[in-house]
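S.K.: You'll find protein_14.pdb just under this line, and it carries PDB, N, CA, C and O atoms.
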MODEL        1
ATOM      1  N   MET A   1      22.227  12.831   3.825  1.00  0.00           N
ATOM      2  CA  MET A   1      21.738  11.625   3.221  1.00  0.00           C
ATOM      3  C   MET A   1      21.246  10.702   4.343  1.00  0.00           C
ATOM      4  O   MET A   1      21.889  10.592   5.386  1.00  0.00           O
ATOM      5  N   LEU A   2      20.106  10.064   4.105  1.00  0.00           N
ATOM      6  CA  LEU A   2      19.506   9.167   5.089  1.00  0.00           C
ATOM      7  C   LEU A   2      19.425   7.753   4.536  1.00  0.00           C
ATOM      8  O   LEU A   2      19.223   7.554   3.337  1.00  0.00           O
ATOM      9  N   THR A   3      19.519   6.783   5.422  1.00  0.00           N
ATOM     10  CA  THR A   3      19.237   5.412   5.022  1.00  0.00           C
ATOM     11  C   THR A   3      17.720   5.269   4.918  1.00  0.00           C
ATOM     12  O   THR A   3      16.970   6.096   5.463  1.00  0.00           O
ATOM     13  N   PRO A   4      17.247   4.235   4.252  1.00  0.00           N
ATOM     14  CA  PRO A   4      15.792   4.049   4.208  1.00  0.00           C
ATOM     15  C   PRO A   4      15.164   3.962   5.604  1.00  0.00           C
ATOM     16  O   PRO A   4      14.102   4.536   5.837  1.00  0.00           O
ATOM     17  N   ALA A   5      15.823   3.282   6.522  1.00  0.00           N
ATOM     18  CA  ALA A   5      15.277   3.161   7.879  1.00  0.00           C
ATOM     19  C   ALA A   5      15.227   4.522   8.573  1.00  0.00           C
ATOM     20  O   ALA A   5      14.250   4.842   9.262  1.00  0.00           O
ATOM     21  N   GLU A   6      16.257   5.340   8.401  1.00  0.00           N
ATOM     22  CA  GLU A   6      16.268   6.671   9.004  1.00  0.00           C
ATOM     23  C   GLU A   6      15.183   7.562   8.396  1.00  0.00           C
ATOM     24  O   GLU A   6      14.513   8.309   9.108  1.00  0.00           O
ATOM     25  N   ALA A   7      14.997   7.463   7.088  1.00  0.00           N
ATOM     26  CA  ALA A   7      13.962   8.261   6.421  1.00  0.00           C
ATOM     27  C   ALA A   7      12.574   7.843   6.895  1.00  0.00           C
ATOM     28  O   ALA A   7      11.718   8.697   7.149  1.00  0.00           O
ATOM     29  N   ARG A   8      12.337   6.527   7.026  1.00  0.00           N
ATOM     30  CA  ARG A   8      11.036   6.059   7.523  1.00  0.00           C
ATOM     31  C   ARG A   8      10.780   6.595   8.922  1.00  0.00           C
ATOM     32  O   ARG A   8       9.675   7.043   9.233  1.00  0.00           O
ATOM     33  N   ALA A   9      11.811   6.554   9.766  1.00  0.00           N
ATOM     34  CA  ALA A   9      11.651   7.051  11.137  1.00  0.00           C
ATOM     35  C   ALA A   9      11.395   8.552  11.142  1.00  0.00           C
ATOM     36  O   ALA A   9      10.520   9.033  11.863  1.00  0.00           O
ATOM     37  N   ARG A  10      12.118   9.287  10.332  1.00  0.00           N
ATOM     38  CA  ARG A  10      11.983  10.748  10.310  1.00  0.00           C
ATOM     39  C   ARG A  10      10.613  11.177   9.789  1.00  0.00           C
ATOM     40  O   ARG A  10       9.994  12.100  10.317  1.00  0.00           O
ATOM     41  N   TYR A  11      10.132  10.513   8.740  1.00  0.00           N
ATOM     42  CA  TYR A  11       8.893  10.948   8.098  1.00  0.00           C
ATOM     43  C   TYR A  11       7.672  10.119   8.479  1.00  0.00           C
ATOM     44  O   TYR A  11       6.580  10.346   7.969  1.00  0.00           O
ATOM     45  N   GLY A  12       7.856   9.138   9.353  1.00  0.00           N
ATOM     46  CA  GLY A  12       6.724   8.403   9.899  1.00  0.00           C
ATOM     47  C   GLY A  12       6.116   7.346   8.998  1.00  0.00           C
ATOM     48  O   GLY A  12       4.922   7.077   9.095  1.00  0.00           O
ATOM     49  N   TYR A  13       6.921   6.732   8.151  1.00  0.00           N
ATOM     50  CA  TYR A  13       6.420   5.667   7.285  1.00  0.00           C
ATOM     51  C   TYR A  13       6.738   4.307   7.887  1.00  0.00           C
ATOM     52  O   TYR A  13       7.771   4.122   8.529  1.00  0.00           O
ATOM     53  N   ALA A  14       5.854   3.350   7.642  1.00  0.00           N
ATOM     54  CA  ALA A  14       6.077   1.986   8.106  1.00  0.00           C
ATOM     55  C   ALA A  14       7.017   1.249   7.148  1.00  0.00           C
ATOM     56  O   ALA A  14       7.175   1.644   5.995  1.00  0.00           O
ATOM     57  N   LYS A  15       7.616   0.172   7.647  1.00  0.00           N
ATOM     58  CA  LYS A  15       8.405  -0.691   6.773  1.00  0.00           C
ATOM     59  C   LYS A  15       7.461  -1.243   5.705  1.00  0.00           C
ATOM     60  O   LYS A  15       6.283  -1.516   5.998  1.00  0.00           O
ATOM     61  N   PRO A  16       7.932  -1.448   4.481  1.00  0.00           N
ATOM     62  CA  PRO A  16       7.041  -1.949   3.435  1.00  0.00           C
ATOM     63  C   PRO A  16       6.300  -3.233   3.829  1.00  0.00           C
ATOM     64  O   PRO A  16       5.112  -3.375   3.537  1.00  0.00           O
ATOM     65  N   ALA A  17       6.970  -4.144   4.494  1.00  0.00           N
ATOM     66  CA  ALA A  17       6.320  -5.397   4.891  1.00  0.00           C
ATOM     67  C   ALA A  17       5.232  -5.188   5.938  1.00  0.00           C
ATOM     68  O   ALA A  17       4.368  -6.042   6.111  1.00  0.00           O
ATOM     69  N   GLU A  18       5.268  -4.048   6.619  1.00  0.00           N
ATOM     70  CA  GLU A  18       4.295  -3.765   7.672  1.00  0.00           C
ATOM     71  C   GLU A  18       3.264  -2.711   7.270  1.00  0.00           C
ATOM     72  O   GLU A  18       2.379  -2.379   8.047  1.00  0.00           O
ATOM     73  N   ALA A  19       3.390  -2.193   6.068  1.00  0.00           N
ATOM     74  CA  ALA A  19       2.504  -1.124   5.618  1.00  0.00           C
ATOM     75  C   ALA A  19       1.177  -1.673   5.109  1.00  0.00           C
ATOM     76  O   ALA A  19       1.127  -2.730   4.486  1.00  0.00           O
ATOM     77  N   HIS A  20       0.120  -0.978   5.400  1.00  0.00           N
ATOM     78  CA  HIS A  20      -1.209  -1.258   4.842  1.00  0.00           C
ATOM     79  C   HIS A  20      -1.706  -2.667   5.148  1.00  0.00           C
ATOM     80  O   HIS A  20      -2.330  -3.308   4.314  1.00  0.00           O
ATOM     81  N   LEU A  21      -1.458  -3.147   6.345  1.00  0.00           N
ATOM     82  CA  LEU A  21      -1.855  -4.517   6.688  1.00  0.00           C
ATOM     83  C   LEU A  21      -3.363  -4.710   6.615  1.00  0.00           C
ATOM     84  O   LEU A  21      -3.832  -5.768   6.180  1.00  0.00           O
ATOM     85  N   ASP A  22      -4.143  -3.711   7.006  1.00  0.00           N
ATOM     86  CA  ASP A  22      -5.601  -3.832   6.938  1.00  0.00           C
ATOM     87  C   ASP A  22      -6.072  -3.921   5.487  1.00  0.00           C
ATOM     88  O   ASP A  22      -6.951  -4.717   5.150  1.00  0.00           O
ATOM     89  N   PHE A  23      -5.469  -3.119   4.614  1.00  0.00           N
ATOM     90  CA  PHE A  23      -5.827  -3.165   3.194  1.00  0.00           C
ATOM     91  C   PHE A  23      -5.457  -4.523   2.599  1.00  0.00           C
ATOM     92  O   PHE A  23      -6.233  -5.121   1.858  1.00  0.00           O
ATOM     93  N   ARG A  24      -4.293  -5.022   2.929  1.00  0.00           N
ATOM     94  CA  ARG A  24      -3.861  -6.330   2.427  1.00  0.00           C
ATOM     95  C   ARG A  24      -4.805  -7.433   2.898  1.00  0.00           C
ATOM     96  O   ARG A  24      -5.141  -8.339   2.147  1.00  0.00           O
ATOM     97  N   ALA A  25      -5.237  -7.348   4.152  1.00  0.00           N
ATOM     98  CA  ALA A  25      -6.163  -8.349   4.687  1.00  0.00           C
ATOM     99  C   ALA A  25      -7.504  -8.293   3.958  1.00  0.00           C
ATOM    100  O   ALA A  25      -8.090  -9.335   3.639  1.00  0.00           O
ATOM    101  N   ARG A  26      -7.992  -7.080   3.686  1.00  0.00           N
ATOM    102  CA  ARG A  26      -9.259  -6.949   2.942  1.00  0.00           C
ATOM    103  C   ARG A  26      -9.126  -7.516   1.531  1.00  0.00           C
ATOM    104  O   ARG A  26     -10.031  -8.186   1.035  1.00  0.00           O
ATOM    105  N   GLN A  27      -7.994  -7.241   0.876  1.00  0.00           N
ATOM    106  CA  GLN A  27      -7.784  -7.765  -0.469  1.00  0.00           C
ATOM    107  C   GLN A  27      -7.719  -9.294  -0.441  1.00  0.00           C
ATOM    108  O   GLN A  27      -8.304  -9.961  -1.300  1.00  0.00           O
ATOM    109  N   ALA A  28      -7.010  -9.853   0.520  1.00  0.00           N
ATOM    110  CA  ALA A  28      -6.904 -11.313   0.625  1.00  0.00           C
ATOM    111  C   ALA A  28      -8.276 -11.941   0.847  1.00  0.00           C
ATOM    112  O   ALA A  28      -8.622 -12.950   0.227  1.00  0.00           O
ATOM    113  N   ALA A  29      -9.071 -11.343   1.734  1.00  0.00           N
ATOM    114  CA  ALA A  29     -10.416 -11.862   1.983  1.00  0.00           C
ATOM    115  C   ALA A  29     -11.268 -11.765   0.726  1.00  0.00           C
ATOM    116  O   ALA A  29     -12.016 -12.692   0.396  1.00  0.00           O
ATOM    117  N   ARG A  30     -11.148 -10.666   0.023  1.00  0.00           N
ATOM    118  CA  ARG A  30     -11.922 -10.471  -1.205  1.00  0.00           C
ATOM    119  C   ARG A  30     -11.579 -11.540  -2.243  1.00  0.00           C
ATOM    120  O   ARG A  30     -12.453 -12.117  -2.876  1.00  0.00           O
ATOM    121  N   VAL A  31     -10.295 -11.818  -2.413  1.00  0.00           N
ATOM    122  CA  VAL A  31      -9.850 -12.764  -3.438  1.00  0.00           C
ATOM    123  C   VAL A  31     -10.055 -14.208  -3.006  1.00  0.00           C
ATOM    124  O   VAL A  31     -10.618 -15.014  -3.748  1.00  0.00           O
ATOM    125  N   PHE A  32      -9.586 -14.550  -1.798  1.00  0.00           N
ATOM    126  CA  PHE A  32      -9.573 -15.957  -1.402  1.00  0.00           C
ATOM    127  C   PHE A  32     -10.849 -16.419  -0.715  1.00  0.00           C
ATOM    128  O   PHE A  32     -11.231 -17.584  -0.863  1.00  0.00           O
ATOM    129  N   ASP A  33     -11.515 -15.537   0.006  1.00  0.00           N
ATOM    130  CA  ASP A  33     -12.741 -15.945   0.694  1.00  0.00           C
ATOM    131  C   ASP A  33     -13.979 -15.714  -0.164  1.00  0.00           C
ATOM    132  O   ASP A  33     -14.859 -16.561  -0.230  1.00  0.00           O
ATOM    133  N   ASP A  34     -14.034 -14.553  -0.829  1.00  0.00           N
ATOM    134  CA  ASP A  34     -15.208 -14.188  -1.605  1.00  0.00           C
ATOM    135  C   ASP A  34     -15.092 -14.552  -3.082  1.00  0.00           C
ATOM    136  O   ASP A  34     -16.036 -14.351  -3.839  1.00  0.00           O
ATOM    137  N   CYS A  35     -13.910 -15.026  -3.505  1.00  0.00           N
ATOM    138  CA  CYS A  35     -13.646 -15.419  -4.902  1.00  0.00           C
ATOM    139  C   CYS A  35     -13.942 -14.281  -5.888  1.00  0.00           C
ATOM    140  O   CYS A  35     -14.486 -14.503  -6.964  1.00  0.00           O
ATOM    141  N   GLU A  36     -13.588 -13.056  -5.498  1.00  0.00           N
ATOM    142  CA  GLU A  36     -13.759 -11.889  -6.363  1.00  0.00           C
ATOM    143  C   GLU A  36     -12.401 -11.414  -6.849  1.00  0.00           C
ATOM    144  O   GLU A  36     -11.369 -11.758  -6.278  1.00  0.00           O
ATOM    145  N   ALA A  37     -12.410 -10.609  -7.882  1.00  0.00           N
ATOM    146  CA  ALA A  37     -11.174 -10.009  -8.386  1.00  0.00           C
ATOM    147  C   ALA A  37     -10.657  -8.993  -7.364  1.00  0.00           C
ATOM    148  O   ALA A  37     -11.450  -8.380  -6.645  1.00  0.00           O
ATOM    149  N   PRO A  38      -9.347  -8.800  -7.280  1.00  0.00           N
ATOM    150  CA  PRO A  38      -8.834  -7.794  -6.352  1.00  0.00           C
ATOM    151  C   PRO A  38      -9.318  -6.403  -6.716  1.00  0.00           C
ATOM    152  O   PRO A  38      -9.571  -6.095  -7.879  1.00  0.00           O
ATOM    153  N   SER A  39      -9.440  -5.568  -5.724  1.00  0.00           N
ATOM    154  CA  SER A  39      -9.864  -4.187  -5.906  1.00  0.00           C
ATOM    155  C   SER A  39      -8.729  -3.366  -6.508  1.00  0.00           C
ATOM    156  O   SER A  39      -7.555  -3.633  -6.266  1.00  0.00           O
ATOM    157  N   ASP A  40      -9.080  -2.340  -7.261  1.00  0.00           N
ATOM    158  CA  ASP A  40      -8.093  -1.404  -7.808  1.00  0.00           C
ATOM    159  C   ASP A  40      -7.878  -0.212  -6.885  1.00  0.00           C
ATOM    160  O   ASP A  40      -7.206   0.741  -7.261  1.00  0.00           O
ATOM    161  N   GLN A  41      -8.406  -0.253  -5.689  1.00  0.00           N
ATOM    162  CA  GLN A  41      -8.353   0.878  -4.765  1.00  0.00           C
ATOM    163  C   GLN A  41      -6.928   1.371  -4.541  1.00  0.00           C
ATOM    164  O   GLN A  41      -6.660   2.567  -4.592  1.00  0.00           O
ATOM    165  N   GLY A  42      -5.983   0.480  -4.289  1.00  0.00           N
ATOM    166  CA  GLY A  42      -4.601   0.892  -4.051  1.00  0.00           C
ATOM    167  C   GLY A  42      -3.981   1.565  -5.261  1.00  0.00           C
ATOM    168  O   GLY A  42      -3.244   2.548  -5.133  1.00  0.00           O
ATOM    169  N   LEU A  43      -4.299   1.051  -6.447  1.00  0.00           N
ATOM    170  CA  LEU A  43      -3.770   1.656  -7.673  1.00  0.00           C
ATOM    171  C   LEU A  43      -4.355   3.041  -7.890  1.00  0.00           C
ATOM    172  O   LEU A  43      -3.643   3.975  -8.256  1.00  0.00           O
ATOM    173  N   ILE A  44      -5.632   3.170  -7.663  1.00  0.00           N
ATOM    174  CA  ILE A  44      -6.304   4.457  -7.862  1.00  0.00           C
ATOM    175  C   ILE A  44      -5.755   5.497  -6.889  1.00  0.00           C
ATOM    176  O   ILE A  44      -5.467   6.631  -7.275  1.00  0.00           O
ATOM    177  N   GLU A  45      -5.572   5.103  -5.635  1.00  0.00           N
ATOM    178  CA  GLU A  45      -5.046   6.037  -4.633  1.00  0.00           C
ATOM    179  C   GLU A  45      -3.605   6.444  -4.946  1.00  0.00           C
ATOM    180  O   GLU A  45      -3.184   7.550  -4.622  1.00  0.00           O
ATOM    181  N   SER A  46      -2.829   5.573  -5.565  1.00  0.00           N
ATOM    182  CA  SER A  46      -1.420   5.851  -5.866  1.00  0.00           C
ATOM    183  C   SER A  46      -1.236   6.828  -7.021  1.00  0.00           C
ATOM    184  O   SER A  46      -0.166   7.405  -7.160  1.00  0.00           O
ATOM    185  N   GLN A  47      -2.248   7.009  -7.846  1.00  0.00           N
ATOM    186  CA  GLN A  47      -2.118   7.877  -9.014  1.00  0.00           C
ATOM    187  C   GLN A  47      -1.762   9.313  -8.632  1.00  0.00           C
ATOM    188  O   GLN A  47      -1.027   9.973  -9.362  1.00  0.00           O
ATOM    189  N   GLU A  48      -2.225   9.775  -7.491  1.00  0.00           N
ATOM    190  CA  GLU A  48      -1.923  11.142  -7.062  1.00  0.00           C
ATOM    191  C   GLU A  48      -0.410  11.334  -6.885  1.00  0.00           C
ATOM    192  O   GLU A  48       0.123  12.395  -7.195  1.00  0.00           O
ATOM    193  N   ILE A  49       0.265  10.300  -6.428  1.00  0.00           N
ATOM    194  CA  ILE A  49       1.713  10.396  -6.180  1.00  0.00           C
ATOM    195  C   ILE A  49       2.520   9.926  -7.390  1.00  0.00           C
ATOM    196  O   ILE A  49       3.488  10.559  -7.778  1.00  0.00           O
ATOM    197  N   LEU A  50       2.114   8.810  -7.995  1.00  0.00           N
ATOM    198  CA  LEU A  50       2.904   8.181  -9.057  1.00  0.00           C
ATOM    199  C   LEU A  50       2.500   8.578 -10.461  1.00  0.00           C
ATOM    200  O   LEU A  50       3.219   8.286 -11.400  1.00  0.00           O
ATOM    201  N   GLY A  51       1.352   9.207 -10.603  1.00  0.00           N
ATOM    202  CA  GLY A  51       0.880   9.588 -11.920  1.00  0.00           C
ATOM    203  C   GLY A  51      -0.188   8.633 -12.423  1.00  0.00           C
ATOM    204  O   GLY A  51      -0.447   7.601 -11.826  1.00  0.00           O
ATOM    205  N   PRO A  52      -0.824   8.994 -13.546  1.00  0.00           N
ATOM    206  CA  PRO A  52      -1.930   8.185 -14.065  1.00  0.00           C
ATOM    207  C   PRO A  52      -1.482   6.810 -14.526  1.00  0.00           C
ATOM    208  O   PRO A  52      -0.324   6.603 -14.910  1.00  0.00           O
ATOM    209  N   LEU A  53      -2.419   5.874 -14.476  1.00  0.00           N
ATOM    210  CA  LEU A  53      -2.140   4.500 -14.882  1.00  0.00           C
ATOM    211  C   LEU A  53      -1.968   4.354 -16.384  1.00  0.00           C
ATOM    212  O   LEU A  53      -1.249   3.485 -16.838  1.00  0.00           O
ATOM    213  N   SER A  54      -2.632   5.195 -17.139  1.00  0.00           N
ATOM    214  CA  SER A  54      -2.535   5.049 -18.591  1.00  0.00           C
ATOM    215  C   SER A  54      -1.809   6.206 -19.229  1.00  0.00           C
ATOM    216  O   SER A  54      -1.509   7.189 -18.687  1.00  0.00           O
TER     217      SER A  54
ENDMDL
END
As a first step, turn the structure in this file into structure tokens.

M.R.:
Amino acid sequence: MLTPAEARARYGYAKPAEAHLDFRARQAARVFDDCEAPSDQGLIESQEILGPLS
């Protein structure tokens, strides 16, 4: 059994607060600077692992 920190280290995942910083920055710029709706890109990419949205 591994702790979350040990599993992240073993499998090479970032801490959730540090994950996908570039994507988060693009989304923030899209919403707050460009006044557009957020992109569904993250949701679409997650479907392969988590299953379909509908």

S.K.: Please identify the alpha helix (DSSP H) residues within chain A (assignment by DSSP from backbone atoms) and present them as a list of chain:residue names.

M.R.: A:Pro4, A:Ala5, A:Glu6, A:Ala7, A:Arg8, A:Ala9, A:Arg10, A:Tyr11, A:Leu21, A:Asp22, A:Phe23, A:Arg24, A:Ala25, A:Arg26, A:Gln27, A:Ala28, A:Gln41, A:Gly42, A:Leu43, A:Ile44, A:Glu45, A:Ser46, A:Gln47, A:Glu48, A:Ile49, A:Leu50

S.K.: Could you write those residues out with N, CA, C and O atoms, as an mmCIF file, keeping the file's coordinate frame?

M.R.:
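That gives us out30.cif:
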data_model
loop_
_atom_site.group_PDB
_atom_site.id
_atom_site.type_symbol
_atom_site.label_atom_id
_atom_site.label_comp_id
_atom_site.auth_asym_id
_atom_site.auth_seq_id
_atom_site.Cartn_x
_atom_site.Cartn_y
_atom_site.Cartn_z
ATOM 1 N N PRO A 4 17.247 4.235 4.252
ATOM 2 C CA PRO A 4 15.792 4.049 4.208
ATOM 3 C C PRO A 4 15.164 3.962 5.604
ATOM 4 O O PRO A 4 14.102 4.536 5.837
ATOM 5 N N ALA A 5 15.823 3.282 6.522
ATOM 6 C CA ALA A 5 15.277 3.161 7.879
ATOM 7 C C ALA A 5 15.227 4.522 8.573
ATOM 8 O O ALA A 5 14.250 4.842 9.262
ATOM 9 N N GLU A 6 16.257 5.340 8.401
ATOM 10 C CA GLU A 6 16.268 6.671 9.004
ATOM 11 C C GLU A 6 15.183 7.562 8.396
ATOM 12 O O GLU A 6 14.513 8.309 9.108
ATOM 13 N N ALA A 7 14.997 7.463 7.088
ATOM 14 C CA ALA A 7 13.962 8.261 6.421
ATOM 15 C C ALA A 7 12.574 7.843 6.895
ATOM 16 O O ALA A 7 11.718 8.697 7.149
ATOM 17 N N ARG A 8 12.337 6.527 7.026
ATOM 18 C CA ARG A 8 11.036 6.059 7.523
ATOM 19 C C ARG A 8 10.780 6.595 8.922
ATOM 20 O O ARG A 8 9.675 7.043 9.233
ATOM 21 N N ALA A 9 11.811 6.554 9.766
ATOM 22 C CA ALA A 9 11.651 7.051 11.137
ATOM 23 C C ALA A 9 11.395 8.552 11.142
ATOM 24 O O ALA A 9 10.520 9.033 11.863
ATOM 25 N N ARG A 10 12.118 9.287 10.332
ATOM 26 C CA ARG A 10 11.983 10.748 10.310
ATOM 27 C C ARG A 10 10.613 11.177 9.789
ATOM 28 O O ARG A 10 9.994 12.100 10.317
ATOM 29 N N TYR A 11 10.132 10.513 8.740
ATOM 30 C CA TYR A 11 8.893 10.948 8.098
ATOM 31 C C TYR A 11 7.672 10.119 8.479
ATOM 32 O O TYR A 11 6.580 10.346 7.969
ATOM 33 N N LEU A 21 -1.458 -3.147 6.345
ATOM 34 C CA LEU A 21 -1.855 -4.517 6.688
ATOM 35 C C LEU A 21 -3.363 -4.710 6.615
ATOM 36 O O LEU A 21 -3.832 -5.768 6.180
ATOM 37 N N ASP A 22 -4.143 -3.711 7.006
ATOM 38 C CA ASP A 22 -5.601 -3.832 6.938
ATOM 39 C C ASP A 22 -6.072 -3.921 5.487
ATOM 40 O O ASP A 22 -6.951 -4.717 5.150
ATOM 41 N N PHE A 23 -5.469 -3.119 4.614
ATOM 42 C CA PHE A 23 -5.827 -3.165 3.194
ATOM 43 C C PHE A 23 -5.457 -4.523 2.599
ATOM 44 O O PHE A 23 -6.233 -5.121 1.858
ATOM 45 N N ARG A 24 -4.293 -5.022 2.929
ATOM 46 C CA ARG A 24 -3.861 -6.330 2.427
ATOM 47 C C ARG A 24 -4.805 -7.433 2.898
ATOM 48 O O ARG A 24 -5.141 -8.339 2.147
ATOM 49 N N ALA A 25 -5.237 -7.348 4.152
ATOM 50 C CA ALA A 25 -6.163 -8.349 4.687
ATOM 51 C C ALA A 25 -7.504 -8.293 3.958
ATOM 52 O O ALA A 25 -8.090 -9.335 3.639
ATOM 53 N N ARG A 26 -7.992 -7.080 3.686
ATOM 54 C CA ARG A 26 -9.259 -6.949 2.942
ATOM 55 C C ARG A 26 -9.126 -7.516 1.531
ATOM 56 O O ARG A 26 -10.031 -8.186 1.035
ATOM 57 N N GLN A 27 -7.994 -7.241 0.876
ATOM 58 C CA GLN A 27 -7.784 -7.765 -0.469
ATOM 59 C C GLN A 27 -7.719 -9.294 -0.441
ATOM 60 O O GLN A 27 -8.304 -9.961 -1.300
ATOM 61 N N ALA A 28 -7.010 -9.853 0.520
ATOM 62 C CA ALA A 28 -6.904 -11.313 0.625
ATOM 63 C C ALA A 28 -8.276 -11.941 0.847
ATOM 64 O O ALA A 28 -8.622 -12.950 0.227
ATOM 65 N N GLN A 41 -8.406 -0.253 -5.689
ATOM 66 C CA GLN A 41 -8.353 0.878 -4.765
ATOM 67 C C GLN A 41 -6.928 1.371 -4.541
ATOM 68 O O GLN A 41 -6.660 2.567 -4.592
ATOM 69 N N GLY A 42 -5.983 0.480 -4.289
ATOM 70 C CA GLY A 42 -4.601 0.892 -4.051
ATOM 71 C C GLY A 42 -3.981 1.565 -5.261
ATOM 72 O O GLY A 42 -3.244 2.548 -5.133
ATOM 73 N N LEU A 43 -4.299 1.051 -6.447
ATOM 74 C CA LEU A 43 -3.770 1.656 -7.673
ATOM 75 C C LEU A 43 -4.355 3.041 -7.890
ATOM 76 O O LEU A 43 -3.643 3.975 -8.256
ATOM 77 N N ILE A 44 -5.632 3.170 -7.663
ATOM 78 C CA ILE A 44 -6.304 4.457 -7.862
ATOM 79 C C ILE A 44 -5.755 5.497 -6.889
ATOM 80 O O ILE A 44 -5.467 6.631 -7.275
ATOM 81 N N GLU A 45 -5.572 5.103 -5.635
ATOM 82 C CA GLU A 45 -5.046 6.037 -4.633
ATOM 83 C C GLU A 45 -3.605 6.444 -4.946
ATOM 84 O O GLU A 45 -3.184 7.550 -4.622
ATOM 85 N N SER A 46 -2.829 5.573 -5.565
ATOM 86 C CA SER A 46 -1.420 5.851 -5.866
ATOM 87 C C SER A 46 -1.236 6.828 -7.021
ATOM 88 O O SER A 46 -0.166 7.405 -7.160
ATOM 89 N N GLN A 47 -2.248 7.009 -7.846
ATOM 90 C CA GLN A 47 -2.118 7.877 -9.014
ATOM 91 C C GLN A 47 -1.762 9.313 -8.632
ATOM 92 O O GLN A 47 -1.027 9.973 -9.362
ATOM 93 N N GLU A 48 -2.225 9.775 -7.491
ATOM 94 C CA GLU A 48 -1.923 11.142 -7.062
ATOM 95 C C GLU A 48 -0.410 11.334 -6.885
ATOM 96 O O GLU A 48 0.123 12.395 -7.195
ATOM 97 N N ILE A 49 0.265 10.300 -6.428
ATOM 98 C CA ILE A 49 1.713 10.396 -6.180
ATOM 99 C C ILE A 49 2.520 9.926 -7.390
ATOM 100 O O ILE A 49 3.488 10.559 -7.778
ATOM 101 N N LEU A 50 2.114 8.810 -7.995
ATOM 102 C CA LEU A 50 2.904 8.181 -9.057
ATOM 103 C C LEU A 50 2.500 8.578 -10.461
ATOM 104 O O LEU A 50 3.219 8.286 -11.400
#

S.K.: One number please: atom O of A:Leu50 to atom CA of A:Val31, in Å, one decimal.

M.R.: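 Between atom O of A:Leu50 and atom CA of A:Val31 the gap works out to 26.0 Å.
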
S.K.: With 4 Å added on each side, what axis-aligned box encloses every listed atom of stretch 14-29 of chain A? Give the centre and edge lengths in Å to one decimal, as JSON.

M.R.:
{"center_x": -1.8, "center_y": -4.8, "center_z": 3.4, "size_x": 28.4, "size_y": 24.3, "size_z": 17.4}

S.K.: One number please: atom CA of A:Lys15 to atom CA of A:Arg30, in Å, one decimal.

M.R.: 23.9 Å

S.K.: Kindly give the distance, in Å, that separates atom C of A:Phe32 and atom N of A:Leu53, rounded to a single decimal.

M.R.: 27.5 Å

S.K.: Please fill the gaps in stretch 5-9 of chain A so it has all heavy atoms, and write that as a compact mmCIF listing (two decimals), in the coordinates of the input.

M.R.:
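Okay, rebuild-v9.txt is ready:
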# COMPACT_ATOMS: atom_id res chain seq x y z
N ALA A 5 15.82 3.28 6.52
CA ALA A 5 15.28 3.16 7.88
C ALA A 5 15.23 4.52 8.57
O ALA A 5 14.25 4.84 9.26
CB ALA A 5 16.12 2.18 8.70
N GLU A 6 16.26 5.34 8.40
CA GLU A 6 16.27 6.67 9.00
C GLU A 6 15.18 7.56 8.40
O GLU A 6 14.51 8.31 9.11
CB GLU A 6 17.63 7.33 8.80
CG GLU A 6 18.75 6.67 9.59
CD GLU A 6 20.14 7.15 9.18
OE1 GLU A 6 20.31 7.61 8.03
OE2 GLU A 6 21.05 7.04 10.00
N ALA A 7 15.00 7.46 7.09
CA ALA A 7 13.96 8.26 6.42
C ALA A 7 12.57 7.84 6.90
O ALA A 7 11.72 8.70 7.15
CB ALA A 7 14.08 8.12 4.91
N ARG A 8 12.34 6.53 7.03
CA ARG A 8 11.04 6.06 7.52
C ARG A 8 10.78 6.60 8.92
O ARG A 8 9.68 7.04 9.23
CB ARG A 8 10.97 4.53 7.52
CG ARG A 8 10.75 3.93 6.17
CD ARG A 8 10.40 2.45 6.25
NE ARG A 8 11.35 1.66 7.00
CZ ARG A 8 12.41 1.05 6.48
NH1 ARG A 8 12.65 1.14 5.18
NH2 ARG A 8 13.21 0.35 7.22
N ALA A 9 11.81 6.55 9.77
CA ALA A 9 11.65 7.05 11.14
C ALA A 9 11.40 8.55 11.14
O ALA A 9 10.52 9.03 11.86
CB ALA A 9 12.90 6.71 11.95
